[in-house]
$ cat my_file-v1.txt   # compact mmCIF, C-alpha atoms
# COMPACT_ATOMS: atom_id res chain seq x y z
CA MET A 103 10.25 81.90 49.57
CA ALA A 104 9.79 85.65 49.04
CA LYS A 105 11.94 87.98 51.09
CA LYS A 106 10.30 89.72 54.02
CA ARG A 107 10.08 93.48 53.44
CA VAL A 108 11.38 95.20 56.57
CA ALA A 109 11.29 98.96 57.12
CA VAL A 110 14.03 99.98 59.55
CA LEU A 111 13.28 103.28 61.29
CA PHE A 112 16.17 105.28 62.72
CA GLY A 113 17.13 108.75 63.91
CA GLY A 114 14.23 110.66 65.40
CA ALA A 115 13.43 114.04 66.91
CA SER A 116 14.89 113.22 70.31
CA LYS A 117 18.07 113.62 72.33
CA ASP A 118 18.80 109.94 71.63
CA TYR A 119 19.27 110.53 67.89
CA ASP A 120 22.91 109.40 67.89
CA VAL A 121 22.12 106.27 69.91
CA SER A 122 19.52 105.34 67.29
CA LEU A 123 22.00 105.82 64.45
CA ARG A 124 24.47 103.46 66.10
CA SER A 125 21.81 100.80 66.63
CA ALA A 126 20.51 101.19 63.08
CA TYR A 127 23.94 100.99 61.44
CA SER A 128 24.78 97.80 63.30
CA ALA A 129 21.40 96.18 62.62
CA LEU A 130 21.28 97.18 58.94
CA CYS A 131 24.74 95.69 58.39
CA GLY A 132 23.73 92.53 60.24
CA LEU A 133 20.42 91.81 58.50
CA SER A 134 20.61 89.00 55.95
CA LYS A 135 20.21 90.25 52.37
CA ALA A 136 19.05 86.77 51.42
CA LYS A 137 16.13 86.89 53.87
CA TYR A 138 15.09 90.53 53.90
CA ASP A 139 14.29 93.32 51.50
CA VAL A 140 15.39 96.17 53.76
CA ILE A 141 13.83 99.64 53.46
CA PRO A 142 15.76 102.19 55.58
CA VAL A 143 13.69 105.17 56.72
CA GLY A 144 15.45 107.92 58.62
CA ILE A 145 13.78 110.60 60.71
CA THR A 146 15.70 113.86 61.05
CA ARG A 147 16.14 115.79 64.28
CA ALA A 148 13.43 118.12 62.98
CA GLY A 149 11.06 115.16 62.58
CA ARG A 150 11.12 114.84 58.78
CA TRP A 151 10.74 111.29 57.41
CA LEU A 152 13.09 110.34 54.57
CA TYR A 153 13.45 107.13 52.58
CA PHE A 154 17.22 106.51 52.54
CA PRO A 155 18.58 104.31 49.71
CA GLY A 156 22.25 105.17 50.28
CA ASN A 157 25.27 103.46 51.80
CA TYR A 158 24.83 102.49 55.45
CA SER A 159 28.18 104.10 56.31
CA ALA A 160 26.49 107.49 55.90
CA ILE A 161 24.27 106.59 58.85
CA ALA A 162 27.29 105.84 61.01
CA SER A 163 28.90 109.15 60.01
CA ARG A 164 25.63 111.11 60.47
CA GLU A 165 25.75 112.24 56.84
CA TRP A 166 22.77 110.24 55.62
CA GLU A 167 20.42 113.26 55.38
CA ALA A 168 22.63 114.84 52.73
CA ASP A 169 22.21 111.93 50.30
CA SER A 170 20.68 113.34 47.10
CA ASP A 171 18.64 110.17 46.57
CA CYS A 172 16.69 110.62 49.80
CA CYS A 173 13.03 111.43 49.32
CA SER A 174 10.18 112.28 51.66
CA ALA A 175 8.23 109.27 52.86
CA VAL A 176 5.36 108.60 55.24
CA LEU A 177 4.01 105.43 56.80
CA SER A 178 0.37 105.36 55.76
CA PRO A 179 -2.13 104.68 58.55
CA ASP A 180 -4.51 103.22 55.96
CA PRO A 181 -4.36 99.39 56.12
CA LEU A 182 -5.34 99.29 52.46
CA HIS A 183 -1.94 100.76 51.63
CA GLY A 184 -0.02 98.52 54.01
CA GLY A 185 3.22 100.37 53.63
CA LEU A 186 5.32 103.42 52.94
CA ILE A 187 4.27 106.23 50.61
CA LYS A 188 7.27 107.84 48.93
CA LEU A 189 6.90 111.41 47.66
CA MET A 190 9.11 111.73 44.58
CA GLY A 191 8.23 115.30 43.63
CA ASP A 192 5.77 118.15 43.89
CA ASP A 193 3.49 117.45 40.90
CA ASP A 194 2.87 115.16 37.94
CA SER A 195 2.96 117.85 35.22
CA GLN A 196 5.54 115.82 33.32
CA GLY A 197 3.33 112.75 33.32
CA VAL A 198 5.30 111.17 36.18
CA ASN A 199 3.41 110.10 39.27
CA PRO A 200 5.12 111.90 42.19
CA TYR A 201 3.96 109.22 44.64
CA SER A 202 4.79 105.55 44.94
CA LEU A 203 3.74 102.88 47.41
CA GLN A 204 6.27 100.52 48.98
CA ARG A 205 4.47 97.69 50.74
CA ILE A 206 5.94 96.54 54.05
CA ASP A 207 5.65 93.34 56.06
CA THR A 208 7.37 94.51 59.24
CA VAL A 209 8.40 97.79 60.84
CA PHE A 210 11.63 97.47 62.82
CA SER A 211 11.83 100.66 64.88
CA LEU A 212 15.22 101.58 66.31
CA LEU A 213 14.03 104.98 67.48
CA HIS A 214 15.20 105.61 71.03
CA GLY A 215 13.92 108.00 73.67
CA LYS A 216 11.12 110.52 73.17
CA TYR A 217 8.70 109.64 70.34
CA GLY A 218 10.44 106.30 69.72
CA GLU A 219 9.77 104.41 72.93
CA CYS A 220 6.52 105.90 74.22
CA GLY A 221 4.10 104.21 71.86
CA GLN A 222 3.35 106.61 68.98
CA ILE A 223 5.20 104.53 66.39
CA GLN A 224 3.59 101.35 67.66
CA ALA A 225 0.14 102.94 67.46
CA LEU A 226 0.79 104.12 63.90
CA CYS A 227 1.83 100.60 62.90
CA LYS A 228 -1.31 99.19 64.51
CA LEU A 229 -3.46 101.60 62.50
CA SER A 230 -1.63 100.65 59.32
CA GLY A 231 -2.11 96.93 59.90
CA ILE A 232 1.64 96.33 59.59
CA GLY A 233 3.51 94.05 61.98
CA TYR A 234 6.10 95.71 64.18
CA VAL A 235 8.94 94.66 66.44
CA GLY A 236 8.49 95.02 70.18
CA SER A 237 5.66 95.78 72.57
CA ASP A 238 2.35 97.42 71.70
CA PHE A 239 1.29 100.99 72.42
CA SER A 240 0.04 100.48 75.98
CA ALA A 241 3.13 98.59 77.15
CA ALA A 242 5.49 101.01 75.41
CA ASN A 243 3.75 103.90 77.12
CA ALA A 244 3.84 102.19 80.51
CA CYS A 245 7.56 101.46 80.17
CA SER A 246 8.51 104.95 78.99
CA ASP A 247 6.40 106.84 81.54
CA GLU A 248 8.26 106.23 84.79
CA MET A 249 5.29 107.33 86.87
CA LEU A 250 3.22 104.52 85.33
CA THR A 251 6.15 102.12 85.70
CA HIS A 252 6.37 102.87 89.42
CA LEU A 253 2.63 102.45 89.96
CA ILE A 254 2.38 99.19 88.02
CA LEU A 255 5.50 97.57 89.50
CA ASP A 256 4.58 98.62 93.03
CA LYS A 257 1.15 97.05 92.54
CA ALA A 258 2.83 93.87 91.25
CA GLY A 259 4.91 93.63 94.42
CA ILE A 260 8.25 94.63 92.89
CA LYS A 261 10.30 97.09 94.91
CA THR A 262 11.19 100.40 93.24
CA ALA A 263 12.99 103.49 94.51
CA LYS A 264 11.07 105.97 96.67
CA TYR A 265 9.82 108.73 94.41
CA TYR A 266 7.96 112.02 94.12
CA TYR A 267 6.02 112.99 91.02
CA MET A 268 5.48 116.51 89.65
CA GLU A 269 3.84 118.12 86.62
CA ARG A 270 4.82 121.38 84.95
CA VAL A 271 1.79 123.15 86.40
CA ASP A 272 3.47 122.70 89.81
CA ILE A 273 6.61 124.62 88.86
CA ASP A 274 5.50 128.02 90.19
CA GLY A 275 4.90 126.55 93.63
CA VAL A 276 7.86 124.20 93.64
CA GLU A 277 9.44 125.66 96.77
CA GLU A 278 6.28 124.86 98.71
CA LYS A 279 6.77 121.18 97.85
CA PHE A 280 10.33 120.87 99.15
CA GLY A 281 9.11 119.92 102.62
CA ASP A 282 7.01 117.03 101.30
CA ILE A 283 9.81 115.85 99.03
CA GLU A 284 12.44 115.90 101.77
CA ALA A 285 10.08 114.19 104.23
CA GLY A 286 9.82 111.17 101.93
CA ILE A 287 13.23 111.06 100.25
CA SER A 288 16.69 111.66 101.68
CA TYR A 289 19.51 113.42 99.86
CA PRO A 290 21.09 112.68 97.47
CA MET A 291 18.12 112.53 95.12
CA TYR A 292 17.90 111.86 91.42
CA VAL A 293 15.79 114.27 89.31
CA LYS A 294 14.77 113.33 85.77
CA ALA A 295 12.16 113.73 83.08
CA ALA A 296 9.45 111.10 83.54
CA SER A 297 9.27 110.03 79.91
CA CYS A 298 12.66 110.29 78.21
CA SER A 299 15.88 108.37 78.09
CA THR A 300 17.22 107.69 81.58
CA SER A 301 20.16 110.05 81.00
CA ILE A 302 18.21 112.93 79.43
CA GLY A 303 17.50 115.86 81.73
CA ALA A 304 18.73 113.84 84.71
CA ASN A 305 20.78 115.23 87.58
CA ALA A 306 21.74 114.31 91.11
CA ALA A 307 20.67 116.70 93.86
CA ARG A 308 22.58 116.81 97.14
CA THR A 309 21.11 120.06 98.44
CA ARG A 310 17.86 121.98 98.15
CA GLU A 311 19.47 124.39 95.68
CA GLU A 312 20.61 121.51 93.47
CA LEU A 313 17.13 120.00 93.73
CA LYS A 314 15.57 123.27 92.53
CA ALA A 315 18.01 123.49 89.61
CA GLY A 316 17.49 119.82 88.72
CA ILE A 317 13.71 120.25 88.65
CA LYS A 318 14.03 123.20 86.28
CA ILE A 319 16.30 121.22 83.93
CA ALA A 320 14.05 118.14 83.98
CA PHE A 321 10.98 120.25 83.16
CA SER A 322 12.78 121.66 80.13
CA HIS A 323 12.68 118.14 78.66
CA HIS A 324 9.20 116.96 79.63
CA HIS A 325 6.03 118.15 81.32
CA LYS A 326 6.24 115.39 83.92
CA ILE A 327 9.22 114.68 86.17
CA ILE A 328 10.23 112.09 88.76
CA ILE A 329 12.36 112.71 91.83
CA GLU A 330 13.79 109.44 93.16
CA GLU A 331 15.97 108.36 96.01
CA GLN A 332 19.46 107.58 94.77
CA LEU A 333 20.00 103.86 95.18
CA ASN A 334 23.52 102.68 95.89
CA GLY A 335 24.43 99.16 94.97
CA ARG A 336 25.31 96.81 92.15
CA GLU A 337 23.81 97.50 88.73
CA LEU A 338 22.38 94.31 87.23
CA GLU A 339 20.44 93.71 84.01
CA CYS A 340 18.83 90.91 82.07
CA ILE A 341 16.72 90.33 78.96
CA VAL A 342 13.26 88.78 78.96
CA TRP A 343 11.95 87.40 75.68
CA GLY A 344 9.29 85.09 74.33
CA SER A 345 5.52 84.86 74.68
CA VAL A 346 3.29 85.15 77.74
CA TYR A 347 3.11 81.36 77.84
CA ALA A 348 6.82 80.72 77.37
CA LEU A 349 9.03 83.45 78.82
CA ASN A 350 12.80 83.18 78.78
CA VAL A 351 15.27 85.14 80.89
CA SER A 352 18.90 85.63 79.94
CA ALA A 353 21.92 85.46 82.17
CA VAL A 354 22.43 88.51 84.39
CA ALA A 355 24.95 91.19 83.43
CA GLU A 356 26.64 93.53 85.88
CA ILE A 357 27.80 97.00 84.89
CA LYS A 358 30.68 98.28 86.98
CA GLY A 359 32.25 101.72 87.15
CA GLY A 360 31.04 105.05 85.78
CA GLU A 361 32.24 105.31 82.20
CA GLU A 362 30.39 102.23 81.02
CA LYS A 363 27.06 103.76 82.08
CA LYS A 364 27.52 106.52 79.52
CA SER A 365 27.65 104.06 76.65
CA LYS A 366 25.42 101.12 77.49
CA TYR A 367 24.46 100.66 73.85
CA VAL A 368 28.08 100.02 72.81
CA LEU A 369 30.01 98.14 75.45
CA LYS A 370 33.51 96.74 75.12
CA SER A 371 34.60 97.46 78.67
CA PRO A 372 36.08 95.09 81.23
CA GLY A 373 33.55 96.78 83.55
CA LEU A 374 30.83 94.62 82.01
CA SER A 375 30.58 91.17 83.58
CA ILE A 376 28.49 88.41 81.94
CA PRO A 377 27.35 86.41 83.78
CA ALA A 378 27.41 88.54 86.92
CA ASP A 379 29.14 87.13 89.97
CA ILE A 380 26.05 86.75 92.13
CA ASP A 381 24.56 84.05 94.35
CA GLU A 382 22.17 81.62 92.73
CA SER A 383 19.41 82.86 95.04
CA VAL A 384 19.87 86.42 93.74
CA ALA A 385 19.84 85.20 90.14
CA LYS A 386 16.57 83.36 90.81
CA GLU A 387 15.08 86.46 92.44
CA ILE A 388 16.05 88.56 89.41
CA GLU A 389 14.57 85.98 87.04
CA GLY A 390 11.26 85.98 88.90
CA ALA A 391 11.11 89.78 89.25
CA ALA A 392 12.00 90.30 85.57
CA LYS A 393 9.21 87.97 84.42
CA THR A 394 6.71 89.62 86.77
CA ALA A 395 7.68 93.10 85.56
CA PHE A 396 7.44 92.01 81.91
CA LEU A 397 3.93 90.61 82.40
CA ALA A 398 2.67 93.41 84.67
CA LEU A 399 3.64 96.09 82.15
CA GLY A 400 2.13 94.09 79.28
CA CYS A 401 5.40 93.75 77.36
CA LYS A 402 5.64 91.57 74.27
CA ASN A 403 8.48 89.87 72.43
CA PHE A 404 11.41 91.21 74.48
CA ALA A 405 12.41 93.75 77.12
CA ARG A 406 15.51 94.80 79.00
CA VAL A 407 15.04 94.89 82.79
CA CYS A 408 17.42 96.88 84.99
CA PHE A 409 17.92 96.34 88.73
CA LYS A 410 19.88 97.70 91.68
CA LEU A 411 21.04 95.22 94.29
CA THR A 412 21.40 97.20 97.54
CA GLU A 413 21.90 96.45 101.21
CA ASN A 414 18.11 96.56 101.54
CA GLY A 415 17.41 94.14 98.72
CA LEU A 416 16.65 94.14 95.01
CA TYR A 417 15.00 97.12 93.31
CA CYS A 418 13.77 97.39 89.73
CA ARG A 419 15.06 100.57 88.11
CA LYS A 420 13.68 100.43 84.58
CA VAL A 421 12.06 98.20 81.97
CA GLY A 422 13.01 99.06 78.39
CA ASN A 423 10.81 97.92 75.51
CA VAL A 424 13.22 99.40 72.92
CA THR A 425 16.84 98.55 73.56
CA GLY A 426 20.17 99.22 71.87
CA LEU A 427 20.89 96.68 69.15
CA THR A 428 24.55 97.23 68.44
CA GLU A 429 26.54 94.04 68.07
CA ASN A 430 28.61 94.93 71.15
CA GLY A 431 25.68 96.17 73.25
CA ILE A 432 24.32 94.49 76.37
CA PHE A 433 21.26 93.11 74.58
CA ALA A 434 23.34 91.33 71.95
CA LEU A 435 25.95 90.14 74.45
CA LEU A 436 23.36 88.73 76.84
CA MET A 437 21.55 86.97 74.00
CA LYS A 438 24.88 85.60 72.78
CA GLU A 439 25.31 84.10 76.24
CA SER A 440 21.89 82.48 75.68
CA GLY A 441 23.03 80.94 72.40
CA TYR A 442 21.98 83.55 69.81
CA SER A 443 24.51 84.90 67.34
CA TYR A 444 23.95 88.53 66.30
CA PRO A 445 22.26 87.58 62.97
CA GLU A 446 20.10 85.04 64.83
CA LEU A 447 19.11 87.73 67.33
CA LEU A 448 17.99 90.01 64.48
CA ASP A 449 16.01 87.15 62.94
CA MET A 450 14.37 86.47 66.29
CA VAL A 451 13.20 90.03 66.91
CA ILE A 452 11.90 90.41 63.36
CA ASP A 453 10.08 87.08 63.50
CA SER A 454 8.45 88.20 66.75
CA ALA A 455 6.64 90.97 64.85
CA LYS A 456 4.12 88.51 63.45
CA GLU A 457 2.52 88.34 66.92
CA ASN A 458 1.50 92.01 66.88
$ encode --input "my_file-v1.txt" --output "structure tokens"
Amino acid sequence: MAKKRVAVLFGGASKDYDVSLRSAYSALCGLSKAKYDVIPVGITRAGRWLYFPGNYSAIASREWEADSDCCSAVLSPDPLHGGLIKLMGDDDSQGVNPYSLQRIDTVFSLLHGKYGECGQIQALCKLSGIGYVGSDFSAANACSDEMLTHLILDKAGIKTAKYYYMERVDIDGVEEKFGDIEAGISYPMYVKAASCSTSIGANAARTREELKAGIKIAFSHHHKIIIEEQLNGRELECIVWGSVYALNVSAVAEIKGGEEKKSKYVLKSPGLSIPADIDESVAKEIEGAAKTAFLALGCKNFARVCFKLTENGLYCRKVGNVTGLTENGIFALLMKESGYSYPELLDMVIDSAKEN
């Protein structure tokens, strides 16, 4: 059987560049050379696409861009091409064609945050007629835009934090909105960009002055922001995977303490508990809510669903359609609990691309 040609995308013009490199290094090292013809494609912080044929260790050390064998490459939107166009040079005056076509069966995007999770890559793959890992454009957009996530989950009957939504055009009159914000949400509040990584441009606000500063910072990262009530409680997560007709839900993980939250993609901390020490009734509630959220947002293949368990019940915090894939990350550890080794997990997510 011929090897499946898999283009692994990493890096990206976002604040989550380093997270993507960690995921890509782990996944590239874990992919079976007997099953896959792997084509690494890195995207620089400036947004330049480069075919990278070098040693994977250069990705881990952030030195991959300096490899002299890198060349410009673009994913063609033309389904007739069905792959990656490599640009070898500027002209063919020496009788050498400066372009070459590398056909691809599957795009495995490990681009996190802005531009990686909001649907552009998925839409490009759809245009190209190439299979891709993860959800389609509409679901990716709904998961990455927290305003849409709130609206869809609220409509589906899943509790989310109280929130207030603003656009950049509102910034000049922001002080006029403080009364409305404070009438609906109590301090402390959580201010963040509406369509970025959870940790990017995010700050707690305990006073009106901190709220004003947090709004300014969040708007520097995106033109839409969300102001949410700060939920206090246990942080619980699970993975949903499979098809609409046969959804599976992993065991529930609990993240404890503060330091672990800064490195969810690479976790080796005793603060991570799998399975979480929760009542069976809570586990069942999480399973049902996770499936409902997955279906309501239109997710495909897999998603990571994050909850807060508070005194007032269970709240859904986020649904991630692109998740960290390091061998020691929550995704891999939860799937290991469900019986998947790390190589088997990589096989599963790549095989899922045939459904797109």
$ residues_near_point --input "my_file-v1.txt" --point "(16.4, 115.2, 72.3)" --cutoff "12 Å" --atoms "only C-alpha atoms" --output "JSON, numbers by chain"
{"A": [113, 114, 115, 116, 117, 118, 119, 120, 121, 122, 146, 147, 148, 149, 213, 214, 215, 216, 217, 218, 295, 297, 298, 299, 300, 301, 302, 303, 322, 323, 324]}
$ closest_residue --input "my_file-v1.txt" --among "A:Gln224, A:Tyr292, A:Leu374, A:Ala175" --to "Pro200 in chain A" --atoms "all atoms listed in the file"
A:Ala175
$ closest_residue --input "my_file-v1.txt" --among "A:Leu416, A:Ile317, A:Ile287, A:Leu447" --to "Gly259 in chain A" --atoms "only C-alpha atoms"
A:Leu416
$ residues_around --input "my_file-v1.txt" --residues "range 168-171 of chain A" --least-positions-apart "6" --cutoff "10 Å" --atoms "only C-alpha atoms" --output "PyMOL selection string"
chain A and resi 152-157+160+190
$ atom_distance --input "my_file-v1.txt" --atom1 "CA of Gly281 in chain A" --atom2 "CA of Leu411 in chain A"
28.7 Å
$ residues_around --input "my_file-v1.txt" --residues "Cys245 in chain A" --least-positions-apart "3" --cutoff "8 Å" --atoms "all atoms listed in the file" --output "ChimeraX atom specification"
/A:220,241-242,248,250-251,399,420-423
$ closest_residue --input "my_file-v1.txt" --among "A:Cys172, A:Val342, A:Ala391, A:Leu111" --to "Ser211 in chain A" --atoms "all atoms listed in the file"
A:Leu111
$ residues_around --input "my_file-v1.txt" --residues "Ser230 in chain A" --least-positions-apart "4" --cutoff "12 Å" --atoms "all atoms listed in the file" --output "JSON, numbers by chain"
{"A": [176, 177, 178, 179, 180, 181, 182, 183, 184, 185, 186, 187, 205, 206, 207, 208, 209, 223, 224, 225, 226, 234, 458]}
$ atom_distance --input "my_file-v1.txt" --atom1 "CA of Asp453 in chain A" --atom2 "CA of Gly233 in chain A"
9.7 Å
$ residues_around --input "my_file-v1.txt" --residues "range 381-388 of chain A" --least-positions-apart "5" --cutoff "10 Å" --atoms "only C-alpha atoms" --output "list in words"
Leu338, Glu339, Cys340, Val351, Ala353, Val354, Lys393, Thr394, Val407, Cys408, Phe409, Leu411, Gly415, Leu416, Tyr417 and Cys418 of chain A
$ axis_aligned_box --input "my_file-v1.txt" --around "range 375-380 of chain A" --padding-each-side "5 Å" --output "AutoDock Vina command-line options"
--center_x 28.3 --center_y 88.8 --center_z 87.0 --size_x 14.5 --size_y 14.8 --size_z 20.2
$ atom_distance --input "my_file-v1.txt" --atom1 "CA of Lys105 in chain A" --atom2 "CA of Ala126 in chain A"
19.8 Å
$ closest_residue --input "my_file-v1.txt" --among "A:Thr309, A:Ser125, A:Gln332, A:Ser237" --to "Ala263 in chain A" --atoms "only C-alpha atoms"
A:Gln332
$ closest_residue --input "my_file-v1.txt" --among "A:Glu165, A:Asp139, A:Asp238, A:Glu356" --to "Gln204 in chain A" --atoms "only C-alpha atoms"
A:Asp139
$ residues_around --input "my_file-v1.txt" --residues "Val346 in chain A" --least-positions-apart "4" --cutoff "10 Å" --atoms "all atoms listed in the file" --output "VMD selection string"
chain A and resid 350 393 396 to 397 400 to 403
$ residues_near_point --input "my_file-v1.txt" --point "(8.7, 113.6, 100.4)" --cutoff "10 Å" --atoms "all atoms listed in the file" --output "number ranges by chain"
A: 264-267, 279-288, 329-331
